file my_file_16.txt (compact mmCIF, C-alpha atoms and all ligand atoms)
# COMPACT_ATOMS: atom_id res chain seq x y z
CA MET A 28 0.00 0.00 0.00
CA HIS A 29 1.28 3.45 -0.78
CA PRO A 30 1.66 6.16 1.79
CA THR A 31 -1.52 8.16 1.87
CA GLU A 32 -2.58 11.20 3.74
CA ARG A 33 -3.38 10.78 7.34
CA VAL A 34 -7.07 10.43 8.09
CA THR A 35 -7.64 10.76 11.80
CA LEU A 36 -11.02 9.37 12.68
CA ALA A 37 -10.53 7.61 15.98
CA PHE A 38 -13.84 7.79 17.79
CA PRO A 39 -16.35 5.25 19.01
CA LEU A 40 -18.91 4.35 16.40
CA ASP A 41 -21.63 4.92 18.99
CA ARG A 42 -21.10 8.65 18.53
CA MET A 43 -21.63 8.37 14.77
CA THR A 44 -25.07 9.93 15.02
CA THR A 45 -23.72 13.19 16.38
CA PHE A 46 -20.50 13.27 14.37
CA PRO A 47 -20.60 15.39 11.20
CA LEU A 48 -20.82 12.55 8.70
CA PRO A 49 -20.48 14.66 5.54
CA ALA A 50 -17.08 15.85 6.79
CA ILE A 51 -15.88 12.25 7.06
CA GLN A 52 -17.37 11.45 3.67
CA SER A 53 -15.53 14.33 2.03
CA GLN A 54 -12.23 13.33 3.69
CA ILE A 55 -12.66 9.85 2.23
CA GLU A 56 -13.48 11.24 -1.21
CA HIS A 57 -10.45 13.48 -1.05
CA ARG A 58 -8.23 10.56 -0.09
CA LEU A 59 -9.60 8.55 -3.02
CA ALA A 60 -9.10 11.35 -5.56
CA THR A 61 -5.56 12.03 -4.33
CA ALA A 62 -4.53 8.36 -4.48
CA VAL A 63 -5.93 7.97 -8.00
CA ARG A 64 -4.38 11.16 -9.34
CA GLU A 65 -0.98 10.24 -7.88
CA GLY A 66 -1.15 6.60 -8.95
CA LEU A 67 -2.24 7.14 -12.55
CA THR A 68 0.27 9.92 -13.18
CA SER A 69 3.25 7.88 -11.89
CA ARG A 70 5.41 5.54 -13.91
CA PRO A 71 4.83 2.68 -13.67
CA LYS A 72 1.15 3.35 -13.07
CA ARG A 73 -0.27 2.05 -9.83
CA LEU A 74 -3.39 2.13 -7.65
CA PRO A 75 -3.41 1.25 -3.94
CA PRO A 76 -5.20 -2.00 -2.96
CA TRP A 77 -7.45 -0.37 -0.37
CA LEU A 78 -9.39 1.00 -3.36
CA PHE A 79 -10.66 -2.54 -4.05
CA TYR A 80 -13.06 -2.51 -1.15
CA ASP A 81 -16.14 -0.58 -2.16
CA GLU A 82 -19.43 -2.44 -1.74
CA ALA A 83 -19.07 -4.46 -4.95
CA GLY A 84 -15.39 -5.13 -4.28
CA SER A 85 -16.02 -6.34 -0.73
CA ARG A 86 -18.65 -8.74 -2.06
CA LEU A 87 -16.24 -9.99 -4.74
CA PHE A 88 -13.52 -10.50 -2.13
CA ASP A 89 -15.88 -12.66 -0.06
CA GLU A 90 -16.53 -14.67 -3.22
CA ILE A 91 -12.80 -15.07 -3.85
CA THR A 92 -12.37 -16.64 -0.42
CA GLU A 93 -14.79 -19.37 -1.49
CA ARG A 94 -13.03 -20.26 -4.75
CA PRO A 95 -11.23 -23.62 -4.62
CA GLU A 96 -7.94 -22.05 -5.80
CA TYR A 97 -7.89 -19.43 -3.03
CA TYR A 98 -6.37 -21.55 -0.26
CA PRO A 99 -5.47 -18.84 2.35
CA THR A 100 -8.89 -18.36 3.96
CA ARG A 101 -9.78 -22.00 4.47
CA THR A 102 -6.23 -22.92 5.48
CA GLU A 103 -6.10 -20.22 8.13
CA ARG A 104 -9.59 -21.14 9.30
CA GLY A 105 -8.43 -24.74 9.78
CA ILE A 106 -5.45 -23.59 11.84
CA LEU A 107 -7.64 -21.37 14.02
CA ALA A 108 -10.29 -24.06 14.47
CA ALA A 109 -7.65 -26.47 15.73
CA ASN A 110 -5.91 -23.99 18.05
CA ALA A 111 -8.36 -21.27 19.15
CA GLU A 112 -8.63 -22.63 22.68
CA ARG A 113 -4.86 -22.72 23.16
CA ILE A 114 -4.42 -19.25 21.64
CA ILE A 115 -6.89 -17.83 24.14
CA ALA A 116 -5.42 -19.74 27.07
CA LEU A 117 -1.85 -18.64 26.25
CA THR A 118 -2.92 -15.01 25.98
CA ALA A 119 -5.02 -15.04 29.11
CA GLN A 120 -2.21 -16.40 31.29
CA PRO A 121 1.12 -15.50 29.70
CA LYS A 122 2.87 -14.94 33.01
CA GLY A 123 1.84 -18.15 34.68
CA VAL A 124 -1.28 -19.10 36.58
CA ARG A 125 -0.04 -18.07 40.02
CA GLN A 126 0.32 -14.37 39.39
CA PHE A 127 -3.33 -13.96 38.42
CA ARG A 128 -5.00 -16.70 40.46
CA ASN A 129 -7.26 -14.39 42.44
CA ASN A 130 -7.87 -11.67 39.91
CA PRO A 131 -7.18 -12.79 36.35
CA PRO A 132 -7.27 -10.00 33.76
CA ARG A 133 -10.22 -10.00 31.38
CA LEU A 134 -9.39 -10.55 27.78
CA ARG A 135 -10.77 -8.33 25.05
CA ILE A 136 -10.32 -9.02 21.37
CA THR A 137 -9.31 -6.15 19.10
CA GLU A 138 -9.28 -6.85 15.37
CA LEU A 139 -7.50 -4.82 12.70
CA GLY A 140 -10.00 -4.74 9.85
CA ALA A 141 -13.66 -5.54 10.38
CA GLY A 142 -13.54 -9.07 9.04
CA SER A 143 -16.72 -10.73 7.92
CA ALA A 144 -16.17 -12.78 11.05
CA GLY A 145 -15.94 -16.36 9.76
CA LYS A 146 -12.52 -16.81 11.36
CA THR A 147 -12.89 -14.22 14.10
CA ARG A 148 -15.91 -16.14 15.33
CA LEU A 149 -13.71 -19.12 16.29
CA LEU A 150 -11.61 -16.95 18.60
CA LEU A 151 -14.58 -15.09 20.04
CA ALA A 152 -16.29 -18.39 20.83
CA ALA A 153 -13.13 -19.68 22.51
CA ALA A 154 -12.90 -16.48 24.59
CA VAL A 155 -16.56 -16.81 25.64
CA ALA A 156 -15.90 -20.43 26.62
CA HIS A 157 -12.89 -19.25 28.64
CA GLN A 158 -14.37 -16.30 30.54
CA GLY A 159 -18.13 -16.22 29.93
CA THR A 160 -18.31 -13.05 27.85
CA VAL A 161 -15.93 -11.02 25.71
CA LEU A 162 -15.67 -7.49 24.39
CA TYR A 163 -14.87 -7.38 20.67
CA GLU A 164 -13.31 -4.21 19.26
CA PRO A 165 -13.13 -4.25 15.46
CA VAL A 166 -11.00 -1.41 14.07
CA ASP A 167 -11.54 -0.20 10.52
CA VAL A 168 -11.60 2.97 8.40
CA SER A 169 -15.00 2.01 7.09
CA ALA A 170 -17.89 2.83 9.45
CA SER A 171 -20.31 0.84 7.29
CA ALA A 172 -18.10 -2.27 7.40
CA LEU A 173 -18.01 -1.90 11.19
CA GLU A 174 -21.78 -1.58 11.44
CA THR A 175 -22.27 -4.72 9.38
CA ALA A 176 -19.76 -6.59 11.53
CA ARG A 177 -21.41 -5.41 14.75
CA ASP A 178 -24.91 -6.41 13.66
CA ARG A 179 -23.84 -9.82 12.49
CA ILE A 180 -21.68 -10.71 15.46
CA GLU A 181 -24.04 -9.48 18.18
CA ARG A 182 -26.86 -11.40 16.52
CA GLU A 183 -24.92 -14.60 15.92
CA ILE A 184 -22.53 -15.11 18.85
CA ALA A 185 -23.93 -15.11 22.37
CA GLY A 186 -21.75 -13.50 25.03
CA VAL A 187 -19.99 -11.07 22.68
CA ALA A 188 -20.38 -7.30 23.08
CA VAL A 189 -19.12 -5.32 20.10
CA SER A 190 -17.47 -1.91 20.39
CA PRO A 191 -16.33 -0.74 16.94
CA ARG A 192 -13.59 1.86 16.42
CA VAL A 193 -13.26 3.95 13.28
CA MET A 194 -9.51 4.35 12.82
CA ASP A 195 -6.87 4.08 10.11
CA TYR A 196 -4.58 1.61 11.87
CA THR A 197 -1.99 1.92 9.08
CA HIS A 198 -1.24 5.44 10.33
CA GLU A 199 -2.03 5.32 14.00
CA PHE A 200 -2.91 2.80 16.64
CA GLU A 201 -4.33 4.47 19.68
CA LEU A 202 -7.07 2.86 21.68
CA ALA A 203 -8.61 3.79 25.00
CA ALA A 204 -6.48 2.61 27.90
CA THR A 205 -7.94 -0.39 29.69
CA SER A 206 -6.95 -2.80 32.43
CA ASP A 207 -8.32 -5.55 30.17
CA ARG A 208 -5.70 -7.59 28.44
CA ARG A 209 -5.93 -7.04 24.70
CA LEU A 210 -5.48 -9.74 22.08
CA VAL A 211 -5.04 -7.95 18.76
CA LEU A 212 -5.98 -9.99 15.70
CA TYR A 213 -4.24 -9.20 12.46
CA ILE A 214 -5.25 -12.24 10.49
CA GLY A 215 -6.18 -13.06 6.90
CA SER A 216 -2.68 -12.31 5.59
CA SER A 217 -3.66 -8.65 5.41
CA ILE A 218 -0.09 -7.68 6.30
CA GLY A 219 0.92 -9.18 2.94
CA ASN A 220 -0.28 -6.03 1.17
CA PHE A 221 2.55 -4.03 2.73
CA ASP A 222 6.16 -3.70 1.64
CA PRO A 223 8.46 -5.15 4.33
CA TRP A 224 9.43 -1.72 5.71
CA GLN A 225 5.78 -0.67 5.91
CA ALA A 226 4.86 -3.94 7.62
CA ALA A 227 7.63 -3.32 10.15
CA GLU A 228 6.31 0.18 10.84
CA LEU A 229 2.77 -1.06 11.21
CA LEU A 230 3.78 -3.74 13.73
CA SER A 231 5.85 -1.22 15.72
CA GLY A 232 2.86 1.12 15.76
CA VAL A 233 0.62 -1.63 17.13
CA ARG A 234 3.28 -2.57 19.66
CA SER A 235 3.49 0.98 21.00
CA GLY A 236 -0.29 1.04 21.54
CA LEU A 237 -0.20 -2.09 23.70
CA LYS A 238 0.86 -2.79 27.27
CA SER A 239 2.68 -5.58 29.03
CA GLY A 240 0.80 -8.87 28.77
CA ASP A 241 -1.16 -7.93 25.64
CA GLY A 242 -0.95 -10.22 22.63
CA LEU A 243 -0.89 -10.05 18.85
CA LEU A 244 -2.09 -12.86 16.60
CA LEU A 245 -0.66 -12.51 13.10
CA GLY A 246 -1.78 -14.57 10.09
CA VAL A 247 0.71 -14.74 7.20
CA ASP A 248 0.81 -16.58 3.91
CA LEU A 249 3.92 -18.67 3.22
CA VAL A 250 5.94 -19.17 0.03
CA LYS A 251 4.91 -22.26 -1.92
CA ASP A 252 5.10 -23.51 -5.50
CA GLU A 253 4.45 -20.88 -8.13
CA ALA A 254 1.52 -22.65 -9.82
CA THR A 255 -0.44 -22.78 -6.56
CA LEU A 256 0.31 -19.14 -5.81
CA VAL A 257 -0.65 -17.86 -9.26
CA ALA A 258 -3.84 -19.94 -9.43
CA ALA A 259 -4.98 -18.44 -6.11
CA TYR A 260 -4.83 -14.98 -7.70
CA ASP A 261 -6.19 -16.00 -11.10
CA ASP A 262 -9.05 -18.40 -10.37
CA ALA A 263 -10.68 -20.25 -13.26
CA ALA A 264 -14.12 -18.74 -12.59
CA GLY A 265 -12.64 -15.27 -13.07
CA VAL A 266 -13.76 -13.85 -9.73
CA THR A 267 -10.31 -12.39 -8.97
CA ALA A 268 -10.26 -10.85 -12.46
CA ASP A 269 -13.64 -9.22 -11.73
CA PHE A 270 -12.31 -8.04 -8.35
CA ASN A 271 -9.31 -6.41 -10.03
CA LEU A 272 -11.38 -4.89 -12.86
CA ASN A 273 -13.93 -3.56 -10.39
CA LEU A 274 -11.30 -0.99 -9.50
CA LEU A 275 -11.78 0.58 -12.92
CA ALA A 276 -15.56 0.31 -12.63
CA ARG A 277 -15.27 2.12 -9.30
CA LEU A 278 -13.28 4.95 -10.89
CA ASN A 279 -15.96 5.17 -13.59
CA ARG A 280 -18.66 5.38 -10.91
CA GLU A 281 -16.99 7.66 -8.42
CA LEU A 282 -14.49 9.75 -10.36
CA GLY A 283 -16.22 10.22 -13.71
CA ALA A 284 -13.71 8.05 -15.56
CA ASP A 285 -14.39 6.37 -18.90
CA PHE A 286 -12.42 3.14 -18.55
CA TYR A 287 -13.67 0.57 -21.04
CA LEU A 288 -13.31 -2.58 -18.93
CA GLU A 289 -13.06 -4.95 -21.89
CA SER A 290 -9.87 -3.17 -22.99
CA PHE A 291 -8.04 -4.22 -19.79
CA GLU A 292 -6.95 -7.66 -18.73
CA HIS A 293 -6.33 -9.11 -15.27
CA ARG A 294 -2.78 -10.32 -14.65
CA ALA A 295 -1.37 -12.19 -11.64
CA VAL A 296 2.40 -12.80 -11.60
CA TRP A 297 4.81 -14.26 -9.06
CA ASN A 298 7.76 -11.96 -8.42
CA ALA A 299 10.27 -14.39 -6.89
CA GLN A 300 12.87 -11.67 -6.32
CA GLU A 301 10.50 -9.72 -4.06
CA SER A 302 8.64 -12.82 -2.81
CA ARG A 303 5.26 -11.44 -3.76
CA ILE A 304 2.28 -12.03 -6.02
CA GLU A 305 1.60 -8.91 -8.06
CA MET A 306 -1.74 -8.06 -9.58
CA HIS A 307 -1.87 -5.79 -12.58
CA LEU A 308 -4.42 -4.49 -15.06
CA GLU A 309 -2.94 -4.64 -18.53
CA SER A 310 -4.13 -2.41 -21.35
CA ARG A 311 -4.89 -4.54 -24.41
CA ILE A 312 -4.57 -1.52 -26.73
CA ALA A 313 -3.00 1.92 -26.91
CA GLN A 314 -5.64 4.24 -25.51
CA ARG A 315 -6.44 7.43 -23.65
CA VAL A 316 -8.75 7.43 -20.63
CA TRP A 317 -10.36 10.55 -19.15
CA LEU A 318 -11.14 11.23 -15.51
CA THR A 319 -13.58 14.11 -15.16
CA GLY A 320 -14.41 13.94 -11.45
CA LEU A 321 -11.04 14.55 -9.82
CA ASP A 322 -11.78 18.15 -8.94
CA LEU A 323 -8.59 19.57 -10.42
CA GLY A 324 -10.04 23.05 -10.70
CA GLY A 325 -12.09 22.44 -13.84
CA GLN A 326 -9.33 20.38 -15.47
CA ASP A 327 -9.98 16.81 -16.53
CA LEU A 328 -7.15 14.30 -16.32
CA ALA A 329 -6.07 12.41 -19.45
CA VAL A 330 -4.27 9.12 -18.86
CA ASP A 331 -2.49 7.52 -21.81
CA PHE A 332 -1.71 3.81 -22.07
CA THR A 333 0.55 2.04 -24.50
CA ARG A 334 -0.49 -1.43 -25.59
CA GLY A 335 0.58 -3.88 -22.86
CA GLU A 336 1.16 -1.18 -20.24
CA THR A 337 -0.11 -2.11 -16.79
CA ILE A 338 -1.52 -0.52 -13.67
CA HIS A 339 0.02 -2.28 -10.66
CA THR A 340 -2.91 -2.77 -8.27
CA GLU A 341 -1.68 -5.08 -5.51
CA ASN A 342 1.24 -6.82 -3.87
CA SER A 343 0.65 -9.87 -1.72
CA TYR A 344 3.89 -10.80 0.03
CA LYS A 345 4.60 -14.42 0.93
CA TYR A 346 6.95 -15.26 3.78
CA GLN A 347 9.47 -17.98 4.54
CA PRO A 348 8.92 -19.99 7.74
CA GLY A 349 10.54 -18.10 10.62
CA GLN A 350 10.30 -14.68 8.96
CA PRO A 351 7.08 -13.58 10.69
CA GLU A 352 8.59 -14.32 14.10
CA GLU A 353 11.66 -12.26 13.15
CA MET A 354 9.44 -9.35 12.11
CA LEU A 355 7.50 -9.59 15.35
CA ALA A 356 10.67 -9.63 17.43
CA ALA A 357 12.08 -6.66 15.49
CA ALA A 358 8.90 -4.74 16.33
CA GLY A 359 9.39 -5.40 20.04
CA PHE A 360 7.11 -8.41 20.51
CA THR A 361 8.06 -11.73 22.06
CA PRO A 362 7.02 -14.59 19.78
CA VAL A 363 5.11 -17.21 21.79
CA GLU A 364 4.01 -19.96 19.45
CA THR A 365 3.38 -20.50 15.73
CA TRP A 366 0.84 -22.84 14.21
CA THR A 367 0.68 -24.03 10.64
CA ASP A 368 -1.20 -26.53 8.44
CA ALA A 369 0.03 -29.94 7.27
CA GLN A 370 1.28 -28.50 3.96
CA ARG A 371 2.94 -25.51 5.65
CA TRP A 372 1.05 -23.13 3.40
CA PHE A 373 0.00 -20.62 6.04
CA ALA A 374 1.22 -19.59 9.49
CA VAL A 375 -0.55 -18.11 12.49
CA CYS A 376 1.86 -16.56 15.02
CA LEU A 377 1.06 -15.53 18.56
CA ALA A 378 3.32 -12.91 20.13
CA ARG A 379 3.07 -10.93 23.34
CA VAL A 380 4.34 -7.78 24.93
CA ALA A 381 6.83 -8.74 27.63
C1 LIG A 401 -6.98 -9.45 1.70
C2 LIG A 401 -4.78 -8.78 1.12
C3 LIG A 401 -5.15 -10.88 2.19
O1 LIG A 401 -3.58 -10.71 -0.68
O2 LIG A 401 -4.63 -12.60 -0.66
C4 LIG A 401 -7.16 -11.77 -2.72
C5 LIG A 401 -6.44 -9.82 -1.19
N1 LIG A 401 -6.31 -10.05 -3.68
N2 LIG A 401 -7.14 -11.99 -4.04
C6 LIG A 401 -4.60 -11.37 -0.53
C7 LIG A 401 -6.62 -10.54 -2.49
C8 LIG A 401 -6.65 -10.95 -4.62
C9 LIG A 401 -5.89 -10.66 -0.09
N3 LIG A 401 -5.70 -9.93 1.20

call {"tool": "encode", "arguments": {"input": "my_file_16.txt", "output": "structure tokens"}}
result
Amino acid sequence: MHPTERVTLAFPLDRMTTFPLPAIQSQIEHRLATAVREGLTSRPKRLPPWLFYDEAGSRLFDEITERPEYYPTRTERGILAANAERIIALTAQPKGVRQFRNNPPRLRITELGAGSAGKTRLLLAAAVAHQGTVLYEPVDVSASALETARDRIEREIAGVAVSPRVMDYTHEFELAATSDRRLVLYIGSSIGNFDPWQAAELLSGVRSGLKSGDGLLLGVDLVKDEATLVAAYDDAAGVTADFNLNLLARLNRELGADFYLESFEHRAVWNAQESRIEMHLESRIAQRVWLTGLDLGGQDLAVDFTRGETIHTENSYKYQPGQPEEMLAAAGFTPVETWTDAQRWFAVCLARVA
């Protein structure tokens, strides 16, 4: 993901009704326009992956996770299903049973990104089994994603109270101080979107917002054979292609662009040097595209493509075994335990603040 302007929106969602919503909306629109203008005027052309997740894109992503080729979601779910109880127990008592025998700290679960809760649910259920109830704090820039998550989880999982936080955790990580022990979930291989230096910064930022005893659960995708990796990002049903192309449809809808979707092709390539899957949109022809809604003081933006030129839309980094623990340690965490699947395709790492 590319550095974007800071959007500071850390407030409880409960106050949404009194907060000036149009102001937030215009900040988001401004952030979108800036990212698109910068990305399409750079060489090589690029667009940041957070642009994928409008309503249509979020739906397409959920569909991707159900494609047979997209192994990460079901692999991570399997790992969590097998180990949720132990993850909760290790986080609840990291300093030994004796210290907290009379007054054990309560655990609350803070999640970076308001997941659609399939995997989160396993950990919430384990926490409820462990301590009766649990407070769940999803953190996301999207208030609507948080509302959906809150409704679904409060309806579906007994014993869970949801307290959403609107915050851009890629730029800041500041939550209300609490005597509760926090377990921060950063699962789904979301960290894979970041260049290594950005991932390091993000983890350090999270670390500095936590206190002694708190935990971080990190889900990362591991390097495997190229055919498996590429197929996961170029499924036969074409859902990932639609997900990638929806970016252009979104620019047509929201920024008055005239991208002709049929003139672009989805590409997924393995960059072994950088250890990442790259997604691109490749122009099938030489063409000029206009963006009329960027608000450049009456000026429209013309974007020229040569035949075969691409827009780089996403990186998804894949790690070697042991690397996630190194990253966690470098960010000031103490790695506790790592779980993986039988094929070693995906890793879930628990770390804590000493
Ligand atoms: C949500 C960033 C984890 O990199 O696998 C899936 C996004 N892009 N298919 C990933 C994605 C294309 C996904 N993450």

call {"tool": "closest_residue", "arguments": {"input": "my_file_16.txt", "among": "A:Arg70, A:Gln54, A:Val189, A:Asp207", "to": "Asp331 in chain A", "atoms": "only C-alpha atoms"}}
result
A:Arg70

call {"tool": "residues_around", "arguments": {"input": "my_file_16.txt", "residues": "Gly186 in chain A", "least_positions_apart": "2", "cutoff": "8 Å", "atoms": "all atoms listed in the file", "output": "number ranges by chain"}}
result
A: 155, 159-161, 184, 188

call {"tool": "residues_around", "arguments": {"input": "my_file_16.txt", "residues": "Arg315 in chain A", "least_positions_apart": "4", "cutoff": "7 Å", "atoms": "only C-alpha atoms", "output": "list in words"}}
result
Ala329, Val330, Asp331 and Phe332 of chain A

call {"tool": "residues_near_ligand", "arguments": {"input": "my_file_16.txt", "ligand": "ligand LIG 401 (chain A)", "cutoff": "7 Å", "atoms": "only C-alpha atoms and all ligand atoms", "output": "list in words"}}
result
Phe88, Ile91, Pro99, Gly215, Ser216, Ser217, Gly219, Asn220, Tyr260, Thr267, Asn342 and Ser343 of chain A

call {"tool": "atom_distance", "arguments": {"input": "my_file_16.txt", "atom1": "CA of Leu229 in chain A", "atom2": "CA of Glu199 in chain A"}}
result
8.5 Å

call {"tool": "closest_residue", "arguments": {"input": "my_file_16.txt", "among": "A:Gly246, A:Pro191, A:Gly232, A:Pro75", "to": "Thr100 in chain A", "atoms": "only C-alpha atoms"}}
result
A:Gly246

call {"tool": "residues_near_point", "arguments": {"input": "my_file_16.txt", "point": "(-7.0, -24.1, 12.7)", "cutoff": "12 Å", "atoms": "only C-alpha atoms", "output": "VMD selection string"}}
result
chain A and resid 99 to 114 146 to 147 149 to 150 246 365 to 369 373 to 376

call {"tool": "atom_distance", "arguments": {"input": "my_file_16.txt", "atom1": "CA of Ala226 in chain A", "atom2": "CA of Arg64 in chain A"}}
result
24.5 Å

call {"tool": "residues_near_point", "arguments": {"input": "my_file_16.txt", "point": "(9.9, -10.8, -5.3)", "cutoff": "12 Å", "atoms": "only C-alpha atoms", "output": "PyMOL selection string"}}
result
chain A and resi 222-223+250+253+296-305+342-346

call {"tool": "decode", "arguments": {"input": "my_file_16.txt", "residues": "range 149-165 of chain A", "atoms": "N, CA, C and O atoms", "output": "JSON list (two decimals), in the first residue's frame"}}
result
[["chain", "number", "residue", "atom", "x", "y", "z"],
["A", 149, "LEU", "N", -14.33, -17.99, 15.58],
["A", 149, "LEU", "CA", -13.71, -19.12, 16.29],
["A", 149, "LEU", "C", -13.00, -18.64, 17.55],
["A", 149, "LEU", "O", -13.05, -19.28, 18.60],
["A", 150, "LEU", "N", -12.34, -17.47, 17.45],
["A", 150, "LEU", "CA", -11.61, -16.95, 18.60],
["A", 150, "LEU", "C", -12.56, -16.34, 19.61],
["A", 150, "LEU", "O", -12.36, -16.47, 20.82],
["A", 151, "LEU", "N", -13.60, -15.67, 19.12],
["A", 151, "LEU", "CA", -14.58, -15.09, 20.04],
["A", 151, "LEU", "C", -15.27, -16.20, 20.84],
["A", 151, "LEU", "O", -15.44, -16.10, 22.06],
["A", 152, "ALA", "N", -15.62, -17.27, 20.15],
["A", 152, "ALA", "CA", -16.29, -18.39, 20.83],
["A", 152, "ALA", "C", -15.36, -19.00, 21.87],
["A", 152, "ALA", "O", -15.79, -19.34, 22.98],
["A", 153, "ALA", "N", -14.08, -19.13, 21.55],
["A", 153, "ALA", "CA", -13.13, -19.68, 22.51],
["A", 153, "ALA", "C", -12.98, -18.75, 23.72],
["A", 153, "ALA", "O", -12.85, -19.21, 24.86],
["A", 154, "ALA", "N", -13.01, -17.44, 23.48],
["A", 154, "ALA", "CA", -12.90, -16.48, 24.59],
["A", 154, "ALA", "C", -14.15, -16.54, 25.48],
["A", 154, "ALA", "O", -14.04, -16.47, 26.71],
["A", 155, "VAL", "N", -15.32, -16.69, 24.86],
["A", 155, "VAL", "CA", -16.56, -16.81, 25.64],
["A", 155, "VAL", "C", -16.51, -18.09, 26.47],
["A", 155, "VAL", "O", -16.87, -18.09, 27.65],
["A", 156, "ALA", "N", -16.02, -19.18, 25.88],
["A", 156, "ALA", "CA", -15.90, -20.43, 26.62],
["A", 156, "ALA", "C", -14.94, -20.26, 27.80],
["A", 156, "ALA", "O", -15.13, -20.82, 28.88],
["A", 157, "HIS", "N", -13.92, -19.43, 27.63],
["A", 157, "HIS", "CA", -12.89, -19.25, 28.64],
["A", 157, "HIS", "C", -13.34, -18.37, 29.79],
["A", 157, "HIS", "O", -13.03, -18.62, 30.95],
["A", 158, "GLN", "N", -14.07, -17.28, 29.48],
["A", 158, "GLN", "CA", -14.37, -16.30, 30.54],
["A", 158, "GLN", "C", -15.83, -15.84, 30.58],
["A", 158, "GLN", "O", -16.14, -14.88, 31.26],
["A", 159, "GLY", "N", -16.69, -16.51, 29.84],
["A", 159, "GLY", "CA", -18.13, -16.22, 29.93],
["A", 159, "GLY", "C", -18.62, -15.21, 28.91],
["A", 159, "GLY", "O", -19.61, -15.43, 28.23],
["A", 160, "THR", "N", -17.94, -14.07, 28.83],
["A", 160, "THR", "CA", -18.31, -13.05, 27.85],
["A", 160, "THR", "C", -17.01, -12.44, 27.31],
["A", 160, "THR", "O", -15.94, -12.66, 27.88],
["A", 161, "VAL", "N", -17.13, -11.69, 26.23],
["A", 161, "VAL", "CA", -15.93, -11.02, 25.71],
["A", 161, "VAL", "C", -16.33, -9.73, 25.00],
["A", 161, "VAL", "O", -17.41, -9.65, 24.39],
["A", 162, "LEU", "N", -15.48, -8.73, 25.14],
["A", 162, "LEU", "CA", -15.67, -7.49, 24.39],
["A", 162, "LEU", "C", -14.86, -7.59, 23.10],
["A", 162, "LEU", "O", -13.67, -7.91, 23.13],
["A", 163, "TYR", "N", -15.52, -7.32, 21.99],
["A", 163, "TYR", "CA", -14.87, -7.38, 20.67],
["A", 163, "TYR", "C", -14.79, -5.98, 20.10],
["A", 163, "TYR", "O", -15.80, -5.30, 19.97],
["A", 164, "GLU", "N", -13.57, -5.56, 19.77],
["A", 164, "GLU", "CA", -13.31, -4.21, 19.26],
["A", 164, "GLU", "C", -12.78, -4.27, 17.83],
["A", 164, "GLU", "O", -11.56, -4.30, 17.63],
["A", 165, "PRO", "N", -13.65, -4.29, 16.83],
["A", 165, "PRO", "CA", -13.13, -4.25, 15.46],
["A", 165, "PRO", "C", -12.70, -2.82, 15.12],
["A", 165, "PRO", "O", -13.37, -1.86, 15.49]]
